[in-house]
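Peer 1: Handing you a structure now.
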Amino acid sequence: MFGKKVLPITDQQSIVKRNLAIMWFANFFIAGSITMVLPFISLYIDSLGNYSDSYVQNWSGWIFAITFVTALIFSPIWGRIGDKYGRKKILIISALGIGISVFLMGFATTVWQLFLLRLFMGVVTGFIPMSQAMISTQTPKKIAGKVLGTLQTGSITGTLMGPLLGGALADAFGYANTFKWVSITIFFSAILVAFGVKELSKKISTDEKDYVTYSSKEVIKHILNKPVLLVVMLISVLVQVAHFSIQPILSLFVAEIHGPVSIAFFSGMAFSAAGLGNLLMTRKWGSLGDKLGHIKILIILLFMAGIVYFPGAFVTNIWQLVILRFLLGVSIGGIIPVRIAYIRQEAPLSMQGEVLGYNTSLRFLGNIIGPALGGALAGFFGFSAVFVVTSGLLILSGFIMLITWYKHEYAGKHSRSLSTNRG
């Protein structure tokens with residue numbers, strides 16, 4: 001085996017900047033491609049047979065959620081493999097796997113075929129979280145929120161443009177053909193990573209703990225011994241339940257309040273409104289987290305998102321929904337970067353991938369529960385119930401985070417500073 005060549009600091013910095021730029025574009029293409037098909041997935045299911053509204057609503061939830069069942073299982077495994085053998089290989093495998101599954105969805109003729117393809121997609125899903133882990137390990141703690149916020153604007157921009165373009169393509173060329181075209185940009189992301197990204201074993205910390213090899217048992221023990229870190233990760237479940245409860249059935253809700261005219265396009269607009277708010281604020285929230293504390297910003301954002309979600313139960317036209325979705329994007333935009341930046345602070349670098357893998361698994365658990373819950377609530381109680389319950393979950397998350405932070409971080413630091421002053 002040859003020894004690793006140590007690059008000059010200036011070369012390392014330029015490679016890190018190039019990696020960030022390339023991963024920005026790769027995340028843009030992946031997020032854009034996946035979200036292109038989200039606005040019409042329930043409409044695609046409806047086109048596969050003569051089904052009742054409740055059947056389509058329930059299957060929309062399950063088909064949307066099944067990807068996250070397998071992703072929940074595989075995310076920590078991919079994270080640990082990435083920590084040990086390098087994250088670039090995992091990113092390429094993920095992009096290729098997602099591209100193949102989306103391409104084959106264009107040939108689905110039954111609900112079960114679509115279900116199984118979404119299930120397979122979950123095995124390799126995790127491109128964006130893995131890219132976050134890779135950039136996180138190359139980023140100093142003091143600017144982690146800002147850098148990760150910058151990276152997230154790539155996926156947000158894709159999420160913003162994807163539904164609009166996907167809706168327009170679906171209206172023009174049909175649902176099945178749109179899946180086939182979308183897969184091309186996913187394969188392009190794999191090529192970008194394969195030929196553009198260079199992984200570095202760049203030391204950005206003087207803490208020896210950052211470069212020790214940890215067993216899975218030690219990683220779990222580390223998380224359990226830090227109550228605020230544990231709650232930040234557990235809150236991921238409730239946030240994702242709230243965020244994804246409406247998404248699989250959003251196009252059906254748009255059809256109810258707007259009518260059947262250009263339904264795919266207006267569904268894409270409703271999806272993209274949240275992406276625009278997200279894009280405008282995510283980097284700003286990350287920077288504020290770096291300056292004021294990531295947990296403080298997280299608590300504020302959870303309460304904001306809960307308050308903004310509630311009026312969705314009372315909208316009567318598409319433009320009211322679009323405005324509320326934009327405000328939701330503004331408030332939810334900082335939750336991911338400040339959460340990952342906090343994990344970057346509290347977990348040693350050599351376990352970042354696995355810790356973020358567990359966090360991703362918890363997010364995917366929320367992604368599983370959210371669509372199923374949203375579909376069930378809409379089917380039994382109507383669309384308004386989805387907004388009311390979602391609002392409650394976000395506000396509950398804010399209270400849980402506030403109490404945990406106050407008890408384990410704020411109160412402890414405050415009492416220590418008082419005792420120091422008295423001494």
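The way I read the labels, and the way they are meant: chains A, B, ... in the order of the structure tokens, residue 1 as the first residue of every chain, and ligand 1 as the first ligand shown, with later ones counted on from there.
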Using only C-alpha atoms, determine which residues lie at most 10 Å from Gln132 (chain A), disregarding the query and same-chain residues fewer than 5 positions distant; provide the list as an NGL selection string.

Peer 2: :A and (20 or 23 or 27 or 126-127 or 137 or 147-149 or 151-152 or 337 or 340-341 or 352-353 or 356)

Peer 1: Which residues are near region 106-116 of chain A? Cut-off 12 Å, only C-alpha atoms, ignore same chain within fewer than 6 positions. Put them as a PDB file with N, CA, C and O atoms, in the first residue's frame.

Peer 2:
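The resulting file, result-v4.pdb, is shown below:
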```
ATOM      1  N   VAL A  37     -41.320  14.489  -9.811  1.00  0.00           N
ATOM      2  CA  VAL A  37     -42.404  13.504  -9.913  1.00  0.00           C
ATOM      3  C   VAL A  37     -43.364  13.551  -8.725  1.00  0.00           C
ATOM      4  O   VAL A  37     -44.441  12.958  -8.781  1.00  0.00           O
ATOM      5  N   ILE A  41     -47.505  12.157  -8.362  1.00  0.00           N
ATOM      6  CA  ILE A  41     -47.428  10.729  -8.074  1.00  0.00           C
ATOM      7  C   ILE A  41     -48.807  10.150  -7.737  1.00  0.00           C
ATOM      8  O   ILE A  41     -49.144   9.030  -8.133  1.00  0.00           O
ATOM      9  N   SER A  42     -49.642  10.922  -7.030  1.00  0.00           N
ATOM     10  CA  SER A  42     -50.996  10.443  -6.737  1.00  0.00           C
ATOM     11  C   SER A  42     -51.842  10.413  -8.009  1.00  0.00           C
ATOM     12  O   SER A  42     -52.687   9.518  -8.184  1.00  0.00           O
ATOM     13  N   LEU A  43     -51.609  11.373  -8.913  1.00  0.00           N
ATOM     14  CA  LEU A  43     -52.324  11.389 -10.187  1.00  0.00           C
ATOM     15  C   LEU A  43     -51.877  10.224 -11.070  1.00  0.00           C
ATOM     16  O   LEU A  43     -52.684   9.647 -11.819  1.00  0.00           O
ATOM     17  N   TYR A  44     -50.595   9.863 -10.993  1.00  0.00           N
ATOM     18  CA  TYR A  44     -50.065   8.708 -11.741  1.00  0.00           C
ATOM     19  C   TYR A  44     -50.711   7.417 -11.250  1.00  0.00           C
ATOM     20  O   TYR A  44     -51.099   6.562 -12.056  1.00  0.00           O
ATOM     21  N   ILE A  45     -50.844   7.296  -9.933  1.00  0.00           N
ATOM     22  CA  ILE A  45     -51.517   6.121  -9.355  1.00  0.00           C
ATOM     23  C   ILE A  45     -52.947   6.039  -9.873  1.00  0.00           C
ATOM     24  O   ILE A  45     -53.426   4.977 -10.280  1.00  0.00           O
ATOM     25  N   ASP A  46     -53.630   7.177  -9.880  1.00  0.00           N
ATOM     26  CA  ASP A  46     -55.021   7.227 -10.342  1.00  0.00           C
ATOM     27  C   ASP A  46     -55.142   6.812 -11.804  1.00  0.00           C
ATOM     28  O   ASP A  46     -56.144   6.217 -12.216  1.00  0.00           O
ATOM     29  N   SER A  47     -54.094   7.110 -12.605  1.00  0.00           N
ATOM     30  CA  SER A  47     -54.134   6.781 -14.038  1.00  0.00           C
ATOM     31  C   SER A  47     -53.895   5.299 -14.318  1.00  0.00           C
ATOM     32  O   SER A  47     -54.120   4.831 -15.441  1.00  0.00           O
ATOM     33  N   LEU A  48     -53.429   4.555 -13.305  1.00  0.00           N
ATOM     34  CA  LEU A  48     -53.129   3.131 -13.501  1.00  0.00           C
ATOM     35  C   LEU A  48     -54.362   2.232 -13.436  1.00  0.00           C
ATOM     36  O   LEU A  48     -54.284   1.038 -13.723  1.00  0.00           O
ATOM     37  N   GLY A  49     -55.499   2.788 -13.022  1.00  0.00           N
ATOM     38  CA  GLY A  49     -56.725   1.981 -12.932  1.00  0.00           C
ATOM     39  C   GLY A  49     -57.911   2.841 -12.546  1.00  0.00           C
ATOM     40  O   GLY A  49     -57.784   4.045 -12.318  1.00  0.00           O
ATOM     41  N   ASN A  50     -59.062   2.214 -12.463  1.00  0.00           N
ATOM     42  CA  ASN A  50     -60.289   2.909 -12.076  1.00  0.00           C
ATOM     43  C   ASN A  50     -60.480   2.760 -10.567  1.00  0.00           C
ATOM     44  O   ASN A  50     -61.130   1.826 -10.087  1.00  0.00           O
ATOM     45  N   TYR A  51     -59.891   3.700  -9.785  1.00  0.00           N
ATOM     46  CA  TYR A  51     -59.861   3.578  -8.331  1.00  0.00           C
ATOM     47  C   TYR A  51     -60.707   4.664  -7.672  1.00  0.00           C
ATOM     48  O   TYR A  51     -60.907   5.735  -8.234  1.00  0.00           O
ATOM     49  N   TYR A  55     -59.023   5.140  -2.059  1.00  0.00           N
ATOM     50  CA  TYR A  55     -57.997   4.166  -2.454  1.00  0.00           C
ATOM     51  C   TYR A  55     -56.737   4.892  -2.921  1.00  0.00           C
ATOM     52  O   TYR A  55     -55.615   4.560  -2.515  1.00  0.00           O
ATOM     53  N   VAL A  56     -56.911   5.903  -3.778  1.00  0.00           N
ATOM     54  CA  VAL A  56     -55.774   6.666  -4.299  1.00  0.00           C
ATOM     55  C   VAL A  56     -55.060   7.416  -3.179  1.00  0.00           C
ATOM     56  O   VAL A  56     -53.831   7.432  -3.106  1.00  0.00           O
ATOM     57  N   ASN A  58     -54.945   6.697   0.087  1.00  0.00           N
ATOM     58  CA  ASN A  58     -54.214   5.775   0.965  1.00  0.00           C
ATOM     59  C   ASN A  58     -52.983   5.199   0.287  1.00  0.00           C
ATOM     60  O   ASN A  58     -51.904   5.147   0.883  1.00  0.00           O
ATOM     61  N   TRP A  59     -53.121   4.809  -1.001  1.00  0.00           N
ATOM     62  CA  TRP A  59     -51.958   4.259  -1.700  1.00  0.00           C
ATOM     63  C   TRP A  59     -50.911   5.332  -1.991  1.00  0.00           C
ATOM     64  O   TRP A  59     -49.718   5.046  -2.042  1.00  0.00           O
ATOM     65  N   SER A  60     -51.338   6.570  -2.182  1.00  0.00           N
ATOM     66  CA  SER A  60     -50.369   7.662  -2.351  1.00  0.00           C
ATOM     67  C   SER A  60     -49.474   7.757  -1.122  1.00  0.00           C
ATOM     68  O   SER A  60     -48.255   7.915  -1.229  1.00  0.00           O
ATOM     69  N   GLY A  61     -50.104   7.648   0.050  1.00  0.00           N
ATOM     70  CA  GLY A  61     -49.342   7.687   1.298  1.00  0.00           C
ATOM     71  C   GLY A  61     -48.370   6.533   1.413  1.00  0.00           C
ATOM     72  O   GLY A  61     -47.192   6.724   1.738  1.00  0.00           O
ATOM     73  N   TRP A  62     -48.849   5.312   1.122  1.00  0.00           N
ATOM     74  CA  TRP A  62     -47.982   4.133   1.286  1.00  0.00           C
ATOM     75  C   TRP A  62     -46.864   4.092   0.248  1.00  0.00           C
ATOM     76  O   TRP A  62     -45.714   3.752   0.572  1.00  0.00           O
ATOM     77  N   ILE A  63     -47.167   4.437  -0.990  1.00  0.00           N
ATOM     78  CA  ILE A  63     -46.133   4.416  -2.045  1.00  0.00           C
ATOM     79  C   ILE A  63     -45.094   5.503  -1.794  1.00  0.00           C
ATOM     80  O   ILE A  63     -43.891   5.304  -2.020  1.00  0.00           O
ATOM     81  N   PHE A  64     -45.542   6.637  -1.310  1.00  0.00           N
ATOM     82  CA  PHE A  64     -44.611   7.707  -0.950  1.00  0.00           C
ATOM     83  C   PHE A  64     -43.733   7.274   0.221  1.00  0.00           C
ATOM     84  O   PHE A  64     -42.530   7.540   0.242  1.00  0.00           O
ATOM     85  N   ALA A  65     -44.324   6.576   1.183  1.00  0.00           N
ATOM     86  CA  ALA A  65     -43.624   6.247   2.435  1.00  0.00           C
ATOM     87  C   ALA A  65     -42.702   5.043   2.327  1.00  0.00           C
ATOM     88  O   ALA A  65     -41.704   4.970   3.044  1.00  0.00           O
ATOM     89  N   ILE A  66     -42.998   4.089   1.428  1.00  0.00           N
ATOM     90  CA  ILE A  66     -42.258   2.817   1.432  1.00  0.00           C
ATOM     91  C   ILE A  66     -40.774   3.013   1.150  1.00  0.00           C
ATOM     92  O   ILE A  66     -39.927   2.270   1.642  1.00  0.00           O
ATOM     93  N   THR A  67     -40.438   4.050   0.364  1.00  0.00           N
ATOM     94  CA  THR A  67     -39.019   4.360   0.106  1.00  0.00           C
ATOM     95  C   THR A  67     -38.271   4.551   1.416  1.00  0.00           C
ATOM     96  O   THR A  67     -37.117   4.124   1.565  1.00  0.00           O
ATOM     97  N   PHE A  68     -38.931   5.185   2.378  1.00  0.00           N
ATOM     98  CA  PHE A  68     -38.273   5.532   3.626  1.00  0.00           C
ATOM     99  C   PHE A  68     -38.204   4.366   4.610  1.00  0.00           C
ATOM    100  O   PHE A  68     -37.433   4.415   5.564  1.00  0.00           O
ATOM    101  N   VAL A  69     -39.004   3.316   4.367  1.00  0.00           N
ATOM    102  CA  VAL A  69     -38.916   2.126   5.220  1.00  0.00           C
ATOM    103  C   VAL A  69     -37.558   1.463   5.043  1.00  0.00           C
ATOM    104  O   VAL A  69     -36.837   1.193   6.009  1.00  0.00           O
ATOM    105  N   THR A  70     -37.179   1.211   3.787  1.00  0.00           N
ATOM    106  CA  THR A  70     -35.866   0.608   3.532  1.00  0.00           C
ATOM    107  C   THR A  70     -34.735   1.601   3.796  1.00  0.00           C
ATOM    108  O   THR A  70     -33.663   1.220   4.260  1.00  0.00           O
ATOM    109  N   GLY A  99     -31.421   6.595  -9.966  1.00  0.00           N
ATOM    110  CA  GLY A  99     -31.687   6.798 -11.393  1.00  0.00           C
ATOM    111  C   GLY A  99     -32.356   5.592 -12.032  1.00  0.00           C
ATOM    112  O   GLY A  99     -33.321   5.730 -12.802  1.00  0.00           O
ATOM    113  N   ILE A 100     -31.863   4.395 -11.715  1.00  0.00           N
ATOM    114  CA  ILE A 100     -32.445   3.162 -12.278  1.00  0.00           C
ATOM    115  C   ILE A 100     -33.892   2.987 -11.825  1.00  0.00           C
ATOM    116  O   ILE A 100     -34.780   2.664 -12.625  1.00  0.00           O
ATOM    117  N   GLY A 122     -35.490   3.077  -1.817  1.00  0.00           N
ATOM    118  CA  GLY A 122     -35.125   3.369  -0.438  1.00  0.00           C
ATOM    119  C   GLY A 122     -33.812   2.751   0.001  1.00  0.00           C
ATOM    120  O   GLY A 122     -33.126   3.279   0.881  1.00  0.00           O
ATOM    121  N   VAL A 123     -33.454   1.612  -0.608  1.00  0.00           N
ATOM    122  CA  VAL A 123     -32.191   0.948  -0.248  1.00  0.00           C
ATOM    123  C   VAL A 123     -31.006   1.865  -0.548  1.00  0.00           C
ATOM    124  O   VAL A 123     -30.035   1.917   0.209  1.00  0.00           O
ATOM    125  N   ALA A 170     -45.232  16.781 -17.211  1.00  0.00           N
ATOM    126  CA  ALA A 170     -46.325  15.812 -17.092  1.00  0.00           C
ATOM    127  C   ALA A 170     -47.538  16.248 -17.901  1.00  0.00           C
ATOM    128  O   ALA A 170     -48.182  15.435 -18.569  1.00  0.00           O
ATOM    129  N   PHE A 173     -46.156  15.812 -21.760  1.00  0.00           N
ATOM    130  CA  PHE A 173     -45.712  14.528 -22.307  1.00  0.00           C
ATOM    131  C   PHE A 173     -46.305  13.304 -21.605  1.00  0.00           C
ATOM    132  O   PHE A 173     -46.076  12.177 -22.036  1.00  0.00           O
ATOM    133  N   GLY A 174     -47.014  13.526 -20.495  1.00  0.00           N
ATOM    134  CA  GLY A 174     -47.583  12.395 -19.774  1.00  0.00           C
ATOM    135  C   GLY A 174     -46.708  11.986 -18.602  1.00  0.00           C
ATOM    136  O   GLY A 174     -45.505  12.267 -18.578  1.00  0.00           O
ATOM    137  N   TYR A 175     -47.309  11.300 -17.646  1.00  0.00           N
ATOM    138  CA  TYR A 175     -46.618  10.930 -16.406  1.00  0.00           C
ATOM    139  C   TYR A 175     -45.468   9.949 -16.649  1.00  0.00           C
ATOM    140  O   TYR A 175     -44.355  10.129 -16.162  1.00  0.00           O
ATOM    141  N   ALA A 176     -45.724   8.881 -17.414  1.00  0.00           N
ATOM    142  CA  ALA A 176     -44.723   7.819 -17.604  1.00  0.00           C
ATOM    143  C   ALA A 176     -43.465   8.349 -18.272  1.00  0.00           C
ATOM    144  O   ALA A 176     -42.339   8.054 -17.841  1.00  0.00           O
ATOM    145  N   ASN A 177     -43.624   9.166 -19.319  1.00  0.00           N
ATOM    146  CA  ASN A 177     -42.456   9.707 -20.024  1.00  0.00           C
ATOM    147  C   ASN A 177     -41.647  10.656 -19.146  1.00  0.00           C
ATOM    148  O   ASN A 177     -40.422  10.741 -19.276  1.00  0.00           O
ATOM    149  N   THR A 178     -42.326  11.357 -18.245  1.00  0.00           N
ATOM    150  CA  THR A 178     -41.610  12.282 -17.352  1.00  0.00           C
ATOM    151  C   THR A 178     -40.644  11.515 -16.444  1.00  0.00           C
ATOM    152  O   THR A 178     -39.519  11.957 -16.210  1.00  0.00           O
ATOM    153  N   PHE A 179     -41.048  10.350 -15.926  1.00  0.00           N
ATOM    154  CA  PHE A 179     -40.152   9.522 -15.107  1.00  0.00           C
ATOM    155  C   PHE A 179     -38.883   9.177 -15.889  1.00  0.00           C
ATOM    156  O   PHE A 179     -37.770   9.242 -15.357  1.00  0.00           O
ATOM    157  N   LYS A 180     -39.045   8.816 -17.144  1.00  0.00           N
ATOM    158  CA  LYS A 180     -37.900   8.389 -17.959  1.00  0.00           C
ATOM    159  C   LYS A 180     -36.927   9.552 -18.196  1.00  0.00           C
ATOM    160  O   LYS A 180     -35.709   9.390 -18.081  1.00  0.00           O
ATOM    161  N   TRP A 181     -37.464  10.734 -18.505  1.00  0.00           N
ATOM    162  CA  TRP A 181     -36.607  11.895 -18.738  1.00  0.00           C
ATOM    163  C   TRP A 181     -35.898  12.339 -17.463  1.00  0.00           C
ATOM    164  O   TRP A 181     -34.728  12.730 -17.475  1.00  0.00           O
ATOM    165  N   VAL A 182     -36.619  12.269 -16.348  1.00  0.00           N
ATOM    166  CA  VAL A 182     -36.064  12.701 -15.065  1.00  0.00           C
ATOM    167  C   VAL A 182     -34.847  11.864 -14.668  1.00  0.00           C
ATOM    168  O   VAL A 182     -33.887  12.368 -14.094  1.00  0.00           O
ATOM    169  N   SER A 183     -34.859  10.578 -14.991  1.00  0.00           N
ATOM    170  CA  SER A 183     -33.755   9.686 -14.592  1.00  0.00           C
ATOM    171  C   SER A 183     -32.422  10.122 -15.200  1.00  0.00           C
ATOM    172  O   SER A 183     -31.362   9.876 -14.620  1.00  0.00           O
TER     173      SER A 183
END
```

Peer 1: I'd like the contact shell of Asn359 (chain A) - 9 Å cut-off, only C-alpha atoms, skipping same-chain residues fewer than 2 positions apart - returned as a count of residues only.

Peer 2: 16

Peer 1: What does the structure give for the distance between CA of Ile186 (chain A) and CA of Gly82 (chain A), in Å to one decimal?

Peer 2: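 The value is 20.4 Å.
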
Peer 1: Point out the residue among A:Lys89, A:Ser155, A:Trp78, A:Asn317 with the least atom-to-atom distance to Trp24 (chain A), counting only C-alpha atoms.

Peer 2: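 Looking only at the distances to Trp24 (chain A), the closest residue turns out to be A:Ser155.
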
Peer 1: Quick one: residues within 12 Å of Phe266 (chain A), only C-alpha atoms counted, chain neighbours fewer than 3 positions away excluded, as a VMD selection string?

Peer 2: chain A and resid 39 to 40 163 to 168 170 to 171 250 to 263 269 to 273 317 to 319 321 to 322

Peer 1: Next, write the just-selected residues to a file, as a compact mmCIF listing (two decimals), in the first residue's frame, keeping N, CA and C atoms as the atom set.

Peer 2:
```
# COMPACT_ATOMS: atom_id res chain seq x y z
N PRO A 39 -45.31 16.03 -7.41
CA PRO A 39 -46.63 16.66 -7.53
C PRO A 39 -47.68 15.78 -8.19
N PHE A 40 -47.26 14.83 -9.04
CA PHE A 40 -48.25 14.05 -9.76
C PHE A 40 -48.22 12.55 -9.44
N PRO A 163 -40.60 20.61 -9.04
CA PRO A 163 -42.06 20.42 -9.17
C PRO A 163 -42.67 21.23 -10.32
N LEU A 164 -42.19 22.47 -10.50
CA LEU A 164 -42.73 23.29 -11.59
C LEU A 164 -42.42 22.67 -12.95
N LEU A 165 -41.14 22.25 -13.14
CA LEU A 165 -40.74 21.64 -14.40
C LEU A 165 -41.42 20.29 -14.58
N GLY A 166 -41.48 19.50 -13.48
CA GLY A 166 -42.13 18.19 -13.54
C GLY A 166 -43.60 18.30 -13.89
N GLY A 167 -44.28 19.28 -13.28
CA GLY A 167 -45.70 19.49 -13.58
C GLY A 167 -45.92 19.86 -15.03
N ALA A 168 -45.05 20.76 -15.55
CA ALA A 168 -45.16 21.17 -16.96
C ALA A 168 -44.88 20.00 -17.89
N ALA A 170 -45.23 16.78 -17.21
CA ALA A 170 -46.33 15.81 -17.09
C ALA A 170 -47.54 16.25 -17.90
N ASP A 171 -47.86 17.55 -17.85
CA ASP A 171 -48.99 18.06 -18.65
C ASP A 171 -48.72 17.93 -20.14
N LEU A 250 -50.96 16.59 -1.61
CA LEU A 250 -51.07 18.02 -1.89
C LEU A 250 -51.76 18.27 -3.23
N SER A 251 -51.44 17.44 -4.24
CA SER A 251 -52.05 17.63 -5.56
C SER A 251 -53.56 17.41 -5.49
N LEU A 252 -54.01 16.47 -4.65
CA LEU A 252 -55.44 16.22 -4.49
C LEU A 252 -56.11 17.40 -3.79
N PHE A 253 -55.40 18.00 -2.83
CA PHE A 253 -55.92 19.18 -2.12
C PHE A 253 -56.03 20.37 -3.09
N VAL A 254 -54.99 20.53 -3.93
CA VAL A 254 -55.01 21.60 -4.94
C VAL A 254 -56.20 21.41 -5.89
N ALA A 255 -56.44 20.16 -6.29
CA ALA A 255 -57.59 19.86 -7.17
C ALA A 255 -58.91 20.24 -6.51
N GLU A 256 -58.99 20.03 -5.19
CA GLU A 256 -60.23 20.34 -4.47
C GLU A 256 -60.51 21.84 -4.40
N ILE A 257 -59.45 22.64 -4.17
CA ILE A 257 -59.68 24.09 -4.01
C ILE A 257 -59.54 24.87 -5.31
N HIS A 258 -58.92 24.25 -6.34
CA HIS A 258 -58.67 25.00 -7.58
C HIS A 258 -59.42 24.43 -8.78
N GLY A 259 -59.69 23.12 -8.77
CA GLY A 259 -60.32 22.50 -9.92
C GLY A 259 -59.31 21.75 -10.77
N PRO A 260 -59.77 21.08 -11.84
CA PRO A 260 -58.91 20.18 -12.62
C PRO A 260 -58.02 20.85 -13.66
N VAL A 261 -58.17 22.16 -13.89
CA VAL A 261 -57.42 22.83 -14.96
C VAL A 261 -55.93 22.91 -14.61
N SER A 262 -55.06 22.38 -15.50
CA SER A 262 -53.59 22.41 -15.31
C SER A 262 -53.21 21.99 -13.90
N ILE A 263 -53.78 20.90 -13.44
CA ILE A 263 -53.62 20.50 -12.04
C ILE A 263 -52.17 20.19 -11.69
N MET A 269 -46.55 24.39 -8.44
CA MET A 269 -46.41 25.73 -7.88
C MET A 269 -46.54 25.70 -6.36
N ALA A 270 -47.50 24.92 -5.84
CA ALA A 270 -47.69 24.82 -4.39
C ALA A 270 -46.48 24.19 -3.73
N PHE A 271 -45.90 23.15 -4.37
CA PHE A 271 -44.68 22.54 -3.85
C PHE A 271 -43.53 23.55 -3.86
N SER A 272 -43.38 24.25 -4.98
CA SER A 272 -42.23 25.12 -5.17
C SER A 272 -42.26 26.36 -4.29
N ALA A 273 -43.44 26.80 -3.88
CA ALA A 273 -43.54 27.98 -3.01
C ALA A 273 -42.77 27.77 -1.72
N ASN A 317 -58.58 29.16 -1.74
CA ASN A 317 -58.09 29.22 -3.13
C ASN A 317 -56.60 28.94 -3.19
N ILE A 318 -56.11 28.71 -4.39
CA ILE A 318 -54.73 28.25 -4.60
C ILE A 318 -53.71 29.28 -4.14
N TRP A 319 -54.01 30.58 -4.27
CA TRP A 319 -53.02 31.62 -3.94
C TRP A 319 -52.83 31.73 -2.44
N LEU A 321 -52.99 29.19 -0.46
CA LEU A 321 -52.14 28.03 -0.17
C LEU A 321 -50.69 28.31 -0.54
N VAL A 322 -50.47 28.93 -1.69
CA VAL A 322 -49.11 29.23 -2.15
C VAL A 322 -48.40 30.16 -1.17
```

Peer 1: Within 10 Å of Lys84 (chain A), counting only C-alpha atoms, which residues qualify if same-chain residues fewer than 3 places away don't, as a PyMOL selection string?

Peer 2: chain A and resi 78-81+87+213+350-351+353-354

Peer 1: A:Lys198, A:Arg18, A:Lys141, A:Arg118: which is nearest Pro348 (chain A), counting only C-alpha atoms?

Peer 2: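 Answer, going by the shortest atom-to-atom distance: A:Lys141.
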
Peer 1: Of the candidates A:Ile30, A:Met161, A:Val219, A:Leu224, which one gets nearest to Thr125 (chain A) if we count only C-alpha atoms?

Peer 2: A:Ile30

Peer 1: Using only C-alpha atoms, which residue out of A:Tyr406, A:Ser397, A:Ile368, A:Val124 lies closest to Gln247 (chain A)?

Peer 2: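 Smallest distance to Gln247 (chain A) is found for A:Ile368.
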
Peer 1: Return as a VMD selection string the full set of residues in region 241-338 of chain A whose backbone-based DSSP assignment is alpha helix (DSSP H).

Peer 2: chain A and resid 241 to 244 250 to 258 263 to 292 294 to 309 318 to 332 335 to 338

Peer 1: Go ahead and compute the interatomic distance for CA of Arg339 (chain A) and CA of Leu192 (chain A), in Å to one decimal.

Peer 2: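 It comes out at 27.1 Å.
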
Peer 1: Give me, please, the distance in Å between CA of Arg325 (chain A) and CA of Thr150 (chain A), quoted to one decimal.

Peer 2: 21.4 Å
